[in-house]
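Below is data.tsv, which holds TSV, C-alpha atoms.
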```tsv
chain	number	residue	atom	x	y	z
Y	1	MET	CA	-7.52	-30.63	10.67
Y	2	ARG	CA	-9.35	-29.68	13.83
Y	3	PRO	CA	-9.65	-25.98	14.74
Y	4	LEU	CA	-6.99	-24.60	17.04
Y	5	SER	CA	-7.94	-23.64	20.58
Y	6	CYS	CA	-5.95	-21.72	23.18
Y	7	ASP	CA	-6.24	-19.18	25.95
Y	8	HIS	CA	-3.83	-16.74	24.27
Y	9	LEU	CA	-2.97	-16.30	20.59
Y	10	VAL	CA	0.11	-14.14	19.95
Y	11	VAL	CA	0.46	-12.99	16.34
Y	12	GLY	CA	4.01	-12.25	15.20
Y	13	ALA	CA	7.18	-14.10	16.23
Y	14	GLY	CA	9.39	-11.03	16.30
Y	15	SER	CA	10.94	-9.82	19.53
Y	16	THR	CA	7.74	-8.27	20.91
Y	17	GLY	CA	5.54	-11.27	20.12
Y	18	LEU	CA	8.06	-13.70	21.59
Y	19	ALA	CA	8.37	-11.58	24.72
Y	20	VAL	CA	4.57	-11.39	25.16
Y	21	ALA	CA	4.31	-15.16	24.78
Y	22	ASP	CA	7.19	-15.68	27.21
Y	23	HIS	CA	5.66	-13.44	29.84
Y	24	LEU	CA	2.26	-15.14	29.53
Y	25	LEU	CA	3.91	-18.51	30.10
Y	26	ARG	CA	5.91	-17.21	33.06
Y	27	ARG	CA	2.64	-16.06	34.62
Y	28	ASN	CA	0.97	-19.43	34.04
Y	29	SER	CA	-1.81	-17.48	32.35
Y	30	GLY	CA	-2.98	-20.43	30.25
Y	31	SER	CA	-2.16	-22.09	26.94
Y	32	VAL	CA	-0.25	-19.99	24.38
Y	33	ILE	CA	0.00	-20.29	20.59
Y	34	LEU	CA	2.51	-18.12	18.73
Y	35	LEU	CA	1.60	-17.54	15.08
Y	36	ASP	CA	3.84	-16.17	12.33
Y	37	ARG	CA	3.73	-16.01	8.53
Y	38	LEU	CA	7.38	-17.15	8.41
Y	39	GLU	CA	8.49	-20.66	9.24
Y	40	SER	CA	11.12	-19.30	11.62
Y	41	PRO	CA	11.56	-15.92	13.34
Y	42	GLN	CA	15.26	-16.08	12.49
Y	43	ALA	CA	14.38	-15.77	8.78
Y	44	ARG	CA	14.17	-11.97	8.97
Y	45	MET	CA	16.59	-9.73	7.12
Y	46	GLY	CA	19.17	-7.41	8.61
Y	47	GLU	CA	22.37	-7.56	10.61
Y	48	SER	CA	22.50	-9.65	13.78
Y	49	ARG	CA	23.59	-6.82	16.07
Y	50	VAL	CA	21.21	-3.96	16.79
Y	51	PRO	CA	21.56	-0.77	18.85
Y	52	LEU	CA	19.93	-0.43	22.26
Y	53	LEU	CA	19.09	3.26	22.59
Y	54	VAL	CA	17.70	4.95	25.68
Y	55	PRO	CA	14.90	7.39	24.70
Y	56	PRO	CA	16.52	10.80	25.31
Y	57	TYR	CA	13.40	12.79	26.16
Y	58	ASP	CA	10.18	12.35	28.07
Y	59	PRO	CA	7.23	12.51	25.66
Y	60	PRO	CA	4.84	15.45	25.90
Y	61	CYS	CA	1.70	14.31	27.67
Y	62	ASP	CA	-1.48	15.73	29.13
Y	63	ALA	CA	-3.34	14.81	32.29
Y	64	SER	CA	-5.13	11.94	30.56
Y	65	ASP	CA	-1.95	10.42	29.13
Y	66	SER	CA	0.27	8.26	31.33
Y	67	SER	CA	3.01	7.77	28.74
Y	68	ASP	CA	5.93	8.23	31.13
Y	69	TRP	CA	8.97	6.34	29.87
Y	70	GLU	CA	11.07	6.37	33.03
Y	71	GLY	CA	9.63	3.15	34.45
Y	72	PRO	CA	9.75	1.12	31.21
Y	73	ILE	CA	13.30	2.31	30.48
Y	74	HIS	CA	14.51	1.28	33.93
Y	75	ARG	CA	12.78	-2.09	33.58
Y	76	ALA	CA	14.17	-2.75	30.10
Y	77	LEU	CA	17.74	-2.04	31.22
Y	78	GLU	CA	17.20	-4.24	34.26
Y	79	LEU	CA	16.10	-7.14	32.06
Y	80	TYR	CA	19.05	-6.85	29.67
Y	81	GLU	CA	21.55	-6.51	32.48
Y	82	GLY	CA	19.93	-9.50	34.19
Y	83	TRP	CA	19.76	-11.52	30.99
Y	84	SER	CA	20.74	-14.78	32.73
Y	85	ASN	CA	17.43	-14.75	34.61
Y	86	TRP	CA	15.41	-13.42	31.68
Y	87	LEU	CA	16.74	-15.21	28.59
Y	88	GLU	CA	18.95	-17.89	30.19
Y	89	MET	CA	21.20	-17.67	27.09
Y	90	ASP	CA	23.84	-15.02	26.45
Y	91	PRO	CA	22.44	-12.51	23.91
Y	92	GLY	CA	25.78	-10.77	23.44
Y	93	TYR	CA	24.68	-7.64	25.30
Y	94	ARG	CA	27.42	-5.00	25.17
Y	95	ARG	CA	27.01	-1.77	27.10
Y	96	SER	CA	29.17	0.77	25.25
Y	97	GLY	CA	27.44	4.14	25.59
Y	98	ALA	CA	26.29	6.44	22.79
Y	99	LEU	CA	27.09	9.94	21.63
Y	100	VAL	CA	23.72	11.70	21.33
Y	101	LEU	CA	23.78	14.77	19.10
Y	102	SER	CA	21.16	17.04	20.59
Y	103	ALA	CA	21.30	20.53	22.07
Y	104	GLU	CA	18.39	19.72	24.39
Y	105	ASN	CA	18.74	18.10	27.78
Y	106	VAL	CA	19.04	14.34	27.40
Y	107	ARG	CA	17.99	11.71	29.92
Y	108	ASN	CA	21.02	10.44	31.88
Y	109	GLY	CA	23.37	12.22	29.48
Y	110	ASP	CA	26.74	13.78	30.33
Y	111	TRP	CA	27.46	16.93	28.33
Y	112	LEU	CA	30.76	16.89	26.43
Y	113	GLU	CA	32.26	19.96	24.80
Y	114	SER	CA	33.53	19.63	21.23
Y	115	GLY	CA	37.16	19.51	22.37
Y	116	GLU	CA	36.45	16.66	24.78
Y	117	ILE	CA	34.63	14.77	22.04
Y	118	ARG	CA	37.65	15.04	19.74
Y	119	ARG	CA	39.95	13.97	22.57
Y	120	ARG	CA	37.92	10.82	23.21
Y	121	TRP	CA	37.38	9.88	19.55
Y	122	SER	CA	40.18	11.19	17.38
Y	123	ALA	CA	38.64	10.09	14.07
Y	124	LEU	CA	35.74	12.53	14.39
Y	125	GLY	CA	35.81	15.83	12.53
Y	126	ASP	CA	35.11	19.25	13.97
Y	127	MET	CA	31.67	20.17	15.26
Y	128	SER	CA	30.37	23.57	16.25
Y	129	SER	CA	28.90	22.49	19.58
Y	130	GLY	CA	29.10	19.67	22.07
Y	131	ALA	CA	26.92	16.60	22.54
Y	132	HIS	CA	25.70	14.25	25.24
Y	133	PHE	CA	27.19	10.88	26.14
Y	134	VAL	CA	24.67	8.35	27.46
Y	135	ALA	CA	26.51	5.47	29.11
Y	136	GLU	CA	23.47	3.16	29.33
Y	137	CYS	CA	23.22	2.59	25.55
Y	138	GLY	CA	24.76	-0.44	23.86
Y	139	THR	CA	24.21	-3.22	21.33
Y	140	VAL	CA	22.89	-6.77	21.43
Y	141	ASN	CA	22.79	-9.78	19.11
Y	142	HIS	CA	19.15	-9.64	18.05
Y	143	GLN	CA	19.16	-13.13	16.54
Y	144	GLU	CA	20.39	-14.58	19.84
Y	145	VAL	CA	17.56	-12.81	21.67
Y	146	LEU	CA	14.99	-14.32	19.27
Y	147	ALA	CA	16.55	-17.77	19.54
Y	148	ALA	CA	16.57	-17.64	23.35
Y	149	LEU	CA	12.93	-16.53	23.54
Y	150	MET	CA	11.85	-19.22	21.07
Y	151	TRP	CA	13.72	-21.83	23.12
Y	152	ARG	CA	11.95	-20.61	26.25
Y	153	LEU	CA	8.57	-20.77	24.49
Y	154	ARG	CA	9.01	-24.43	23.60
Y	155	LYS	CA	10.56	-25.28	26.96
Y	156	SER	CA	7.59	-23.74	28.78
Y	157	GLY	CA	4.91	-25.54	26.76
Y	158	GLY	CA	3.99	-22.88	24.21
Y	159	ARG	CA	3.19	-23.87	20.63
Y	160	PHE	CA	4.64	-22.22	17.54
Y	161	HIS	CA	2.73	-22.29	14.24
Y	162	GLY	CA	4.96	-20.94	11.47
Y	163	GLY	CA	4.07	-20.34	7.84
Y	164	ALA	CA	0.55	-19.22	8.76
Y	165	ALA	CA	-0.59	-15.68	8.02
Y	166	LEU	CA	-3.46	-14.17	10.00
Y	167	ASN	CA	-6.33	-13.31	7.65
Y	168	HIS	CA	-9.26	-12.30	9.83
Y	169	LEU	CA	-10.49	-11.90	13.43
Y	170	GLU	CA	-14.04	-12.00	14.79
Y	171	GLU	CA	-14.46	-10.83	18.37
Y	172	THR	CA	-17.30	-12.26	20.44
Y	173	SER	CA	-18.42	-11.76	24.02
Y	174	ASN	CA	-16.22	-14.60	25.27
Y	175	GLY	CA	-13.20	-14.55	22.96
Y	176	VAL	CA	-11.96	-14.30	19.39
Y	177	HIS	CA	-12.42	-16.51	16.34
Y	178	PHE	CA	-9.30	-16.33	14.19
Y	179	TYR	CA	-8.73	-17.39	10.60
Y	180	THR	CA	-5.26	-18.04	9.17
Y	181	SER	CA	-3.92	-19.16	5.81
Y	182	ARG	CA	-3.70	-22.71	7.18
Y	183	ARG	CA	-6.12	-23.23	10.06
Y	184	ASP	CA	-8.91	-21.55	11.98
Y	185	GLY	CA	-9.38	-21.46	15.72
Y	186	PHE	CA	-10.61	-19.76	18.86
Y	187	ALA	CA	-8.69	-17.90	21.59
Y	188	GLN	CA	-9.75	-16.16	24.75
Y	189	ARG	CA	-7.39	-13.29	23.92
Y	190	VAL	CA	-5.37	-12.21	20.89
Y	191	TYR	CA	-2.21	-10.07	20.94
Y	192	LEU	CA	-1.34	-8.36	17.65
Y	193	CYS	CA	2.46	-8.13	17.55
Y	194	HIS	CA	3.01	-8.66	13.82
Y	195	GLY	CA	4.74	-5.40	13.08
Y	196	ALA	CA	3.35	-2.88	10.65
Y	197	ALA	CA	0.30	-5.00	9.80
Y	198	ALA	CA	-1.14	-4.71	13.32
Y	199	PRO	CA	-2.17	-1.01	13.27
Y	200	SER	CA	-4.01	-1.49	9.96
Y	201	MET	CA	-5.88	-4.50	11.34
Y	202	MET	CA	-6.91	-2.54	14.43
Y	203	LYS	CA	-8.21	0.31	12.26
Y	204	GLU	CA	-10.18	-2.15	10.14
Y	205	MET	CA	-11.94	-3.20	13.35
Y	206	GLY	CA	-12.85	0.44	14.00
Y	207	VAL	CA	-10.33	0.94	16.82
Y	208	ARG	CA	-8.80	4.41	16.99
Y	209	HIS	CA	-5.18	4.63	18.07
Y	210	ARG	CA	-2.11	6.83	17.78
Y	211	GLN	CA	0.35	4.33	16.40
Y	212	LYS	CA	1.78	4.93	12.94
Y	213	ILE	CA	3.81	3.05	10.36
Y	214	GLU	CA	7.22	4.26	9.26
Y	215	THR	CA	9.88	2.98	6.89
Y	216	VAL	CA	13.33	2.17	8.25
Y	217	CYS	CA	16.27	2.29	5.84
Y	218	GLU	CA	19.39	0.35	6.83
Y	219	PHE	CA	22.77	0.85	5.16
Y	220	SER	CA	25.98	-1.15	5.64
Y	221	PHE	CA	29.31	0.38	4.60
Y	222	ASP	CA	33.03	0.23	5.32
Y	223	LEU	CA	34.27	2.63	7.97
Y	224	SER	CA	37.13	2.31	10.40
Y	225	GLY	CA	38.85	4.54	12.88
Y	226	ASP	CA	38.54	5.82	16.40
Y	227	PHE	CA	34.80	6.56	16.33
Y	228	PRO	CA	32.18	6.30	19.09
Y	229	PRO	CA	30.59	2.82	19.09
Y	230	LEU	CA	27.14	4.44	18.79
Y	231	ILE	CA	26.06	7.83	17.46
Y	232	HIS	CA	22.41	8.85	17.66
Y	233	TRP	CA	20.62	11.82	16.10
Y	234	PRO	CA	17.21	11.92	17.87
Y	235	HIS	CA	15.66	14.62	15.71
Y	236	HIS	CA	16.76	12.87	12.50
Y	237	LYS	CA	15.76	9.44	13.86
Y	238	ALA	CA	19.15	8.20	12.69
Y	239	THR	CA	21.68	5.91	14.37
Y	240	LEU	CA	25.20	4.90	13.33
Y	241	PHE	CA	26.89	1.94	15.01
Y	242	PHE	CA	29.53	-0.67	14.23
Y	243	SER	CA	28.68	-4.32	13.57
Y	244	SER	CA	32.43	-5.08	13.32
Y	245	SER	CA	35.69	-3.17	13.63
Y	246	SER	CA	35.48	-2.01	10.00
Y	247	THR	CA	31.76	-2.19	9.14
Y	248	ALA	CA	29.30	0.50	10.10
Y	249	GLU	CA	25.51	0.40	10.05
Y	250	LEU	CA	23.32	3.45	9.55
Y	251	HIS	CA	19.62	3.17	10.41
Y	252	MET	CA	17.38	6.03	9.29
Y	253	VAL	CA	13.64	6.68	9.25
Y	254	SER	CA	11.97	8.14	6.19
Y	255	THR	CA	8.54	9.81	6.02
Y	256	PRO	CA	5.69	7.91	7.76
Y	257	ILE	CA	3.50	6.07	5.29
Y	258	ASP	CA	-0.23	5.47	4.85
Y	259	PRO	CA	-1.73	2.10	3.89
Y	260	LEU	CA	-2.95	1.59	0.34
Y	261	PRO	CA	-6.69	1.13	-0.36
Y	262	GLY	CA	-7.71	-2.13	1.27
Y	263	GLY	CA	-5.24	-1.72	4.13
Y	264	ASN	CA	-2.19	-3.18	2.37
Y	265	LEU	CA	1.17	-1.49	2.81
Y	266	PRO	CA	3.31	-0.33	-0.11
Y	267	THR	CA	6.56	-2.23	-0.52
Y	268	ALA	CA	9.26	-0.75	1.69
Y	269	ALA	CA	11.73	1.16	-0.49
Y	270	VAL	CA	15.21	2.47	0.30
Y	271	ASP	CA	15.25	6.27	0.47
Y	272	TRP	CA	18.48	7.15	-1.33
Y	273	GLU	CA	17.73	10.88	-1.29
Y	274	LEU	CA	17.50	10.77	2.50
Y	275	LEU	CA	20.93	9.10	2.66
Y	276	SER	CA	22.41	11.65	0.26
Y	277	SER	CA	21.18	14.66	2.25
Y	278	PHE	CA	22.35	13.08	5.52
Y	279	ARG	CA	25.81	12.41	4.10
Y	280	LYS	CA	26.06	15.98	2.89
Y	281	ALA	CA	25.13	17.34	6.32
Y	282	TRP	CA	27.25	15.02	8.48
Y	283	GLY	CA	30.08	13.90	6.20
Y	284	PRO	CA	32.54	16.48	7.61
Y	285	PHE	CA	31.84	15.25	11.16
Y	286	ILE	CA	32.43	11.60	10.20
Y	287	PRO	CA	35.43	11.49	7.81
Y	288	GLY	CA	35.09	8.71	5.25
Y	289	PHE	CA	31.31	8.57	5.55
Y	290	SER	CA	30.49	10.63	2.44
Y	291	ASP	CA	32.79	8.62	0.17
Y	292	SER	CA	32.13	5.15	1.56
Y	293	VAL	CA	30.67	2.47	-0.70
Y	294	ILE	CA	27.29	1.15	0.43
Y	295	ARG	CA	27.67	-2.63	0.71
Y	296	LYS	CA	24.06	-3.40	1.61
Y	297	ALA	CA	20.84	-1.40	1.63
Y	298	ARG	CA	17.55	-2.62	3.07
Y	299	ALA	CA	14.16	-1.15	3.92
Y	300	ARG	CA	11.39	-2.38	6.19
Y	301	HIS	CA	8.23	-1.10	7.81
Y	302	ARG	CA	7.70	-0.95	11.56
Y	303	ARG	CA	5.22	0.29	14.11
Y	304	ALA	CA	6.08	3.51	15.88
Y	305	HIS	CA	4.52	5.74	18.51
Y	306	ASP	CA	2.54	8.70	17.27
Y	307	ALA	CA	2.54	11.80	19.49
Y	308	ASP	CA	5.12	9.92	21.60
Y	309	SER	CA	2.45	7.72	23.15
Y	310	LEU	CA	3.17	4.44	24.91
Y	311	GLU	CA	-0.49	3.45	24.82
Y	312	VAL	CA	-1.71	-0.15	24.75
Y	313	VAL	CA	-4.49	-0.45	22.16
Y	314	SER	CA	-7.54	-2.62	22.91
Y	315	SER	CA	-10.50	-3.72	20.81
Y	316	ALA	CA	-14.08	-2.76	21.67
Y	317	GLY	CA	-14.65	-6.04	23.51
Y	318	GLY	CA	-11.26	-5.99	25.22
Y	319	CYS	CA	-10.20	-9.40	23.85
Y	320	ILE	CA	-7.76	-8.12	21.22
Y	321	GLN	CA	-4.68	-6.19	22.30
Y	322	MET	CA	-1.89	-4.37	20.47
Y	323	PRO	CA	1.22	-3.53	22.54
Y	324	ALA	CA	2.81	-0.11	22.67
Y	325	ALA	CA	5.49	0.74	20.12
Y	326	ALA	CA	8.71	2.66	20.70
Y	327	GLY	CA	10.08	3.17	17.18
Y	328	GLU	CA	13.88	3.37	17.11
Y	329	TYR	CA	13.95	2.49	20.82
Y	330	GLN	CA	11.97	-0.74	20.37
Y	331	ASP	CA	14.97	-3.08	20.55
Y	332	LEU	CA	15.67	-1.85	24.07
Y	333	MET	CA	12.09	-1.33	25.20
Y	334	PHE	CA	10.25	-4.39	23.86
Y	335	PRO	CA	10.63	-6.69	26.90
Y	336	ALA	CA	9.36	-4.02	29.28
Y	337	LEU	CA	6.49	-3.08	26.96
Y	338	ALA	CA	5.51	-6.74	26.62
Y	339	GLU	CA	5.60	-7.16	30.37
Y	340	ALA	CA	3.46	-4.06	30.88
Y	341	LEU	CA	0.91	-5.31	28.35
Y	342	VAL	CA	0.50	-8.70	30.01
Y	343	GLU	CA	0.34	-7.19	33.49
Y	344	GLN	CA	-2.34	-4.78	32.31
Y	345	VAL	CA	-4.42	-7.62	30.86
Y	346	ASP	CA	-3.74	-10.03	33.69
Y	347	SER	CA	-4.16	-7.53	36.51
Y	348	GLY	CA	-4.17	-10.21	39.17
Y	349	ALA	CA	-0.47	-10.93	38.61
Y	350	THR	CA	2.22	-8.85	40.27
Y	351	GLY	CA	6.00	-8.69	40.28
Y	352	GLY	CA	8.48	-8.81	37.45
Y	353	LEU	CA	10.43	-11.34	35.45
Y	354	LEU	CA	13.61	-11.24	37.45
Y	355	GLU	CA	11.81	-11.32	40.79
Y	356	ASP	CA	9.67	-14.27	39.67
Y	357	LEU	CA	12.76	-16.30	38.84
Y	358	GLY	CA	14.70	-15.34	41.92
Y	359	ASP	CA	14.00	-18.51	43.88
```
Encoded form (structure tokens):
Amino acid sequence: MRPLSCDHLVVGAGSTGLAVADHLLRRNSGSVILLDRLESPQARMGESRVPLLVPPYDPPCDASDSSDWEGPIHRALELYEGWSNWLEMDPGYRRSGALVLSAENVRNGDWLESGEIRRRWSALGDMSSGAHFVAECGTVNHQEVLAALMWRLRKSGGRFHGGAALNHLEETSNGVHFYTSRRDGFAQRVYLCHGAAAPSMMKEMGVRHRQKIETVCEFSFDLSGDFPPLIHWPHHKATLFFSSSSTAELHMVSTPIDPLPGGNLPTAAVDWELLSSFRKAWGPFIPGFSDSVIRKARARHRRAHDADSLEVVSSAGGCIQMPAAAGEYQDLMFPALAEALVEQVDSGATGGLLEDLGD
């Protein structure tokens, strides 16, 4: 087979990679190939619905750090609320609000005293203090988002190469030679969006960055009653939401991990001790939680922001890019982060997705 050739190679057909490819095609920035080790992006594990959480705090930053989240948050919400212009297919976006358990000030949060919380959601147990309610949070059907973005990729002339793992990159003065498990090729630019493998690959190329890899544990269990549709514990990096009227999902983050010698990641493992300690602490607040039977338990790695940075990481030659990562807020933030990445690389383009499609 002949070597592949394109203007832009996007590695990883998850939500971020698909959004980067989509935005490149909207900008008419050149030919786009989307590469993934799986035959289909829909082959990933997990429940179809995911929480869309608004980051509750501004990250600490110094004068040299422009990691202000206000703009990306506003843009991400704008894209989801204007999904008909962005995705063209209904992703099942449901804006329900979230109860955010934090004593600190929360972005766009309304403070509720404990009595008001019990009045609104009678199934909750007693709590010693109040909490914030953030109306902008919600849920979305993640599989529908992936399907819509893949449909847009093919409709707009992008090419998808599934079942091909990226093995190696060689950056030159005019582009990047790439080597996969199936074919080799050359691209003017490469965007590393393949999850937890991307930070390790950047470090292998000698690029310093502040992104880290963390393990997400996901638990499904039976729970019913008059509960908030979303509960978020920012300091625990934990979120509880309902995928159906009687099934709850709990997503938690365990200790950040380091790659093994050679850059490989250890297999993601479910942290049962973390679940046990969390149940002990919050079981009285959520009656039925401590005694519920876990129906499913999964673990996966993901990229996250270290030191709360929204930095875009670039290679020495500037031809290889890694988008910013937002951890537990990624499902909300990814379209805005992808847009910001492409606009930073293609600085001659202006405007946004919705505005571009307005006529």
Y:Asn141, Y:Ser40, Y:Ser102, Y:Ser224: which is nearest Ser122 of chain Y, counting only C-alpha atoms?
Y:Ser224
Between Y:Ile231, Y:Met1, Y:Leu87, Y:Leu146, which is the closest to Ile117 of chain Y once you count all atoms listed in the file?
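Smallest separation from Ile117 of chain Y among the options: Y:Ile231.
The protein and nucleic acid residues lying at most 9 Å from Ile257 of chain Y are Lys212, Ile213, Glu214, Thr215, Ser254, Leu265, Pro266 and His301 of chain Y, with all atoms listed in the file considered and sequence neighbours fewer than 3 positions away removed.
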Using only C-alpha atoms, which residue out of Y:Pro51, Y:Gly71, Y:Ala103, Y:His305 lies closest to His251 of chain Y?
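With only C-alpha atoms as the atom set, the closest residue is Y:Pro51.
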Any idea what the distance is between atom CA of Asp226 of chain Y and atom CA of Trp121 of chain Y?
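About the pair atom CA of Asp226 of chain Y and atom CA of Trp121 of chain Y: they are 5.3 Å apart.
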Closest atom pairs, residues of segment 2-39 of chain Y within 7 Å of segment 337-343 of chain Y, only C-alpha atoms, as a tab-separated table:
```
residue	atom	partner	partner_atom	distance
Y:Thr16	CA	Y:Ala338	CA	6.3
Y:Ala19	CA	Y:Ala338	CA	5.9
Y:Val20	CA	Y:Ala338	CA	5.0
Y:His23	CA	Y:Glu339	CA	6.3
Y:Leu24	CA	Y:Val342	CA	6.7
```
Residue list as a list in words for point (17.6, 3.0, 1.0), cut-off 8 Å, only C-alpha atoms
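With a cut-off of 8 Å, the residues come to Cys217, Glu218, Phe219, Ala269, Val270, Asp271, Trp272, Leu274, Leu275, Ala297, Arg298 and Ala299 of chain Y.
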Computed gap from atom CA of Pro256 of chain Y to atom CA of Glu170 of chain Y is 28.9 Å
Residue contacts of segment 283-293 of chain Y (6 Å, all atoms listed in the file) excluding same-chain residues fewer than 3 positions away, as a list in words:
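Answer for this query is Leu124, Gly125, Asp126, Phe221, Arg279 and Lys280 of chain Y.
Take atom CA of Val216 of chain Y and atom CA of Pro55 of chain Y: the distance between them is 17.3 Å.
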Any idea what's packed within 8 Å of Glu171 of chain Y, counting all atoms listed in the file, ignoring anything in its chain fewer than 5 positions away? Could you give it as a VMD selection string?
chain Y and resid 176 to 177 317 319 to 320
Which residue out of Y:Arg37, Y:Arg182, Y:His232, Y:Arg95 has the minimum interatomic distance to Thr139 of chain Y when all atoms listed in the file are used?
Y:Arg95
Option closest in space to Arg208 of chain Y, from Y:Leu101, Y:Leu4, Y:Leu53, Y:Met322 [counting all atoms listed in the file]
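Nearest to Arg208 of chain Y: Y:Met322.
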Protein, DNA and RNA residues within 7 Å of (18.5, 14.8, 21.0), all atoms listed in the file, as a PyMOL selection string:
chain Y and resi 56+100-104+106+233-235
Using the file's own x, y and z axes, what box holds all listed atoms of segment 175-194 of chain Y with 8 Å on each side, keeping edges along x, y and z, and what are its centre and edge lengths in Å to one decimal, as lines of an AutoDock Vina configuration file?
```
center_x = -5.1
center_y = -15.7
center_z = 15.3
size_x = 32.2
size_y = 31.1
size_z = 34.9
```
Can you sort out segment 96-116 of chain Y so it carries N, CA and C atoms, written as a PDB file, in the coordinates of the input?
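Generated file (selection.pdb):
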```pdb
ATOM      1  N   SER Y  96      28.047  -0.016  25.752  1.00  0.00           N
ATOM      2  CA  SER Y  96      29.170   0.770  25.250  1.00  0.00           C
ATOM      3  C   SER Y  96      28.969   2.267  25.385  1.00  0.00           C
ATOM      4  N   GLY Y  97      27.735   2.721  25.580  1.00  0.00           N
ATOM      5  CA  GLY Y  97      27.440   4.140  25.590  1.00  0.00           C
ATOM      6  C   GLY Y  97      27.214   4.672  24.185  1.00  0.00           C
ATOM      7  N   ALA Y  98      26.585   5.835  24.092  1.00  0.00           N
ATOM      8  CA  ALA Y  98      26.290   6.440  22.790  1.00  0.00           C
ATOM      9  C   ALA Y  98      26.490   7.943  22.859  1.00  0.00           C
ATOM     10  N   LEU Y  99      27.002   8.497  21.782  1.00  0.00           N
ATOM     11  CA  LEU Y  99      27.090   9.940  21.630  1.00  0.00           C
ATOM     12  C   LEU Y  99      25.778  10.416  21.020  1.00  0.00           C
ATOM     13  N   VAL Y 100      25.036  11.232  21.762  1.00  0.00           N
ATOM     14  CA  VAL Y 100      23.720  11.700  21.330  1.00  0.00           C
ATOM     15  C   VAL Y 100      23.834  13.154  20.910  1.00  0.00           C
ATOM     16  N   LEU Y 101      23.616  13.420  19.643  1.00  0.00           N
ATOM     17  CA  LEU Y 101      23.780  14.770  19.100  1.00  0.00           C
ATOM     18  C   LEU Y 101      22.471  15.532  19.224  1.00  0.00           C
ATOM     19  N   SER Y 102      22.353  16.248  20.322  1.00  0.00           N
ATOM     20  CA  SER Y 102      21.160  17.040  20.590  1.00  0.00           C
ATOM     21  C   SER Y 102      21.546  18.182  21.513  1.00  0.00           C
ATOM     22  N   ALA Y 103      21.019  19.371  21.217  1.00  0.00           N
ATOM     23  CA  ALA Y 103      21.300  20.530  22.070  1.00  0.00           C
ATOM     24  C   ALA Y 103      20.395  20.552  23.294  1.00  0.00           C
ATOM     25  N   GLU Y 104      19.322  19.765  23.268  1.00  0.00           N
ATOM     26  CA  GLU Y 104      18.390  19.720  24.390  1.00  0.00           C
ATOM     27  C   GLU Y 104      18.943  18.828  25.498  1.00  0.00           C
ATOM     28  N   ASN Y 105      18.369  18.980  26.686  1.00  0.00           N
ATOM     29  CA  ASN Y 105      18.740  18.100  27.780  1.00  0.00           C
ATOM     30  C   ASN Y 105      18.354  16.666  27.440  1.00  0.00           C
ATOM     31  N   VAL Y 106      19.238  15.742  27.740  1.00  0.00           N
ATOM     32  CA  VAL Y 106      19.040  14.340  27.400  1.00  0.00           C
ATOM     33  C   VAL Y 106      19.017  13.521  28.676  1.00  0.00           C
ATOM     34  N   ARG Y 107      18.112  12.558  28.737  1.00  0.00           N
ATOM     35  CA  ARG Y 107      17.990  11.710  29.920  1.00  0.00           C
ATOM     36  C   ARG Y 107      19.313  10.988  30.196  1.00  0.00           C
ATOM     37  N   ASN Y 108      19.805  11.136  31.420  1.00  0.00           N
ATOM     38  CA  ASN Y 108      21.020  10.440  31.880  1.00  0.00           C
ATOM     39  C   ASN Y 108      22.243  10.737  31.011  1.00  0.00           C
ATOM     40  N   GLY Y 109      22.251  11.893  30.356  1.00  0.00           N
ATOM     41  CA  GLY Y 109      23.370  12.220  29.480  1.00  0.00           C
ATOM     42  C   GLY Y 109      24.387  13.141  30.146  1.00  0.00           C
ATOM     43  N   ASP Y 110      25.652  12.905  29.883  1.00  0.00           N
ATOM     44  CA  ASP Y 110      26.740  13.780  30.330  1.00  0.00           C
ATOM     45  C   ASP Y 110      27.151  14.674  29.168  1.00  0.00           C
ATOM     46  N   TRP Y 111      27.122  15.996  29.388  1.00  0.00           N
ATOM     47  CA  TRP Y 111      27.460  16.930  28.330  1.00  0.00           C
ATOM     48  C   TRP Y 111      28.965  16.956  28.085  1.00  0.00           C
ATOM     49  N   LEU Y 112      29.353  16.828  26.817  1.00  0.00           N
ATOM     50  CA  LEU Y 112      30.760  16.890  26.430  1.00  0.00           C
ATOM     51  C   LEU Y 112      30.948  18.052  25.464  1.00  0.00           C
ATOM     52  N   GLU Y 113      31.927  18.893  25.735  1.00  0.00           N
ATOM     53  CA  GLU Y 113      32.260  19.960  24.800  1.00  0.00           C
ATOM     54  C   GLU Y 113      32.955  19.365  23.571  1.00  0.00           C
ATOM     55  N   SER Y 114      32.981  20.136  22.489  1.00  0.00           N
ATOM     56  CA  SER Y 114      33.530  19.630  21.230  1.00  0.00           C
ATOM     57  C   SER Y 114      34.987  19.176  21.377  1.00  0.00           C
ATOM     58  N   GLY Y 115      35.771  19.906  22.172  1.00  0.00           N
ATOM     59  CA  GLY Y 115      37.160  19.510  22.370  1.00  0.00           C
ATOM     60  C   GLY Y 115      37.286  18.175  23.077  1.00  0.00           C
ATOM     61  N   GLU Y 116      36.435  17.936  24.068  1.00  0.00           N
ATOM     62  CA  GLU Y 116      36.450  16.660  24.780  1.00  0.00           C
ATOM     63  C   GLU Y 116      36.020  15.521  23.868  1.00  0.00           C
TER      64      GLU Y 116
END
```
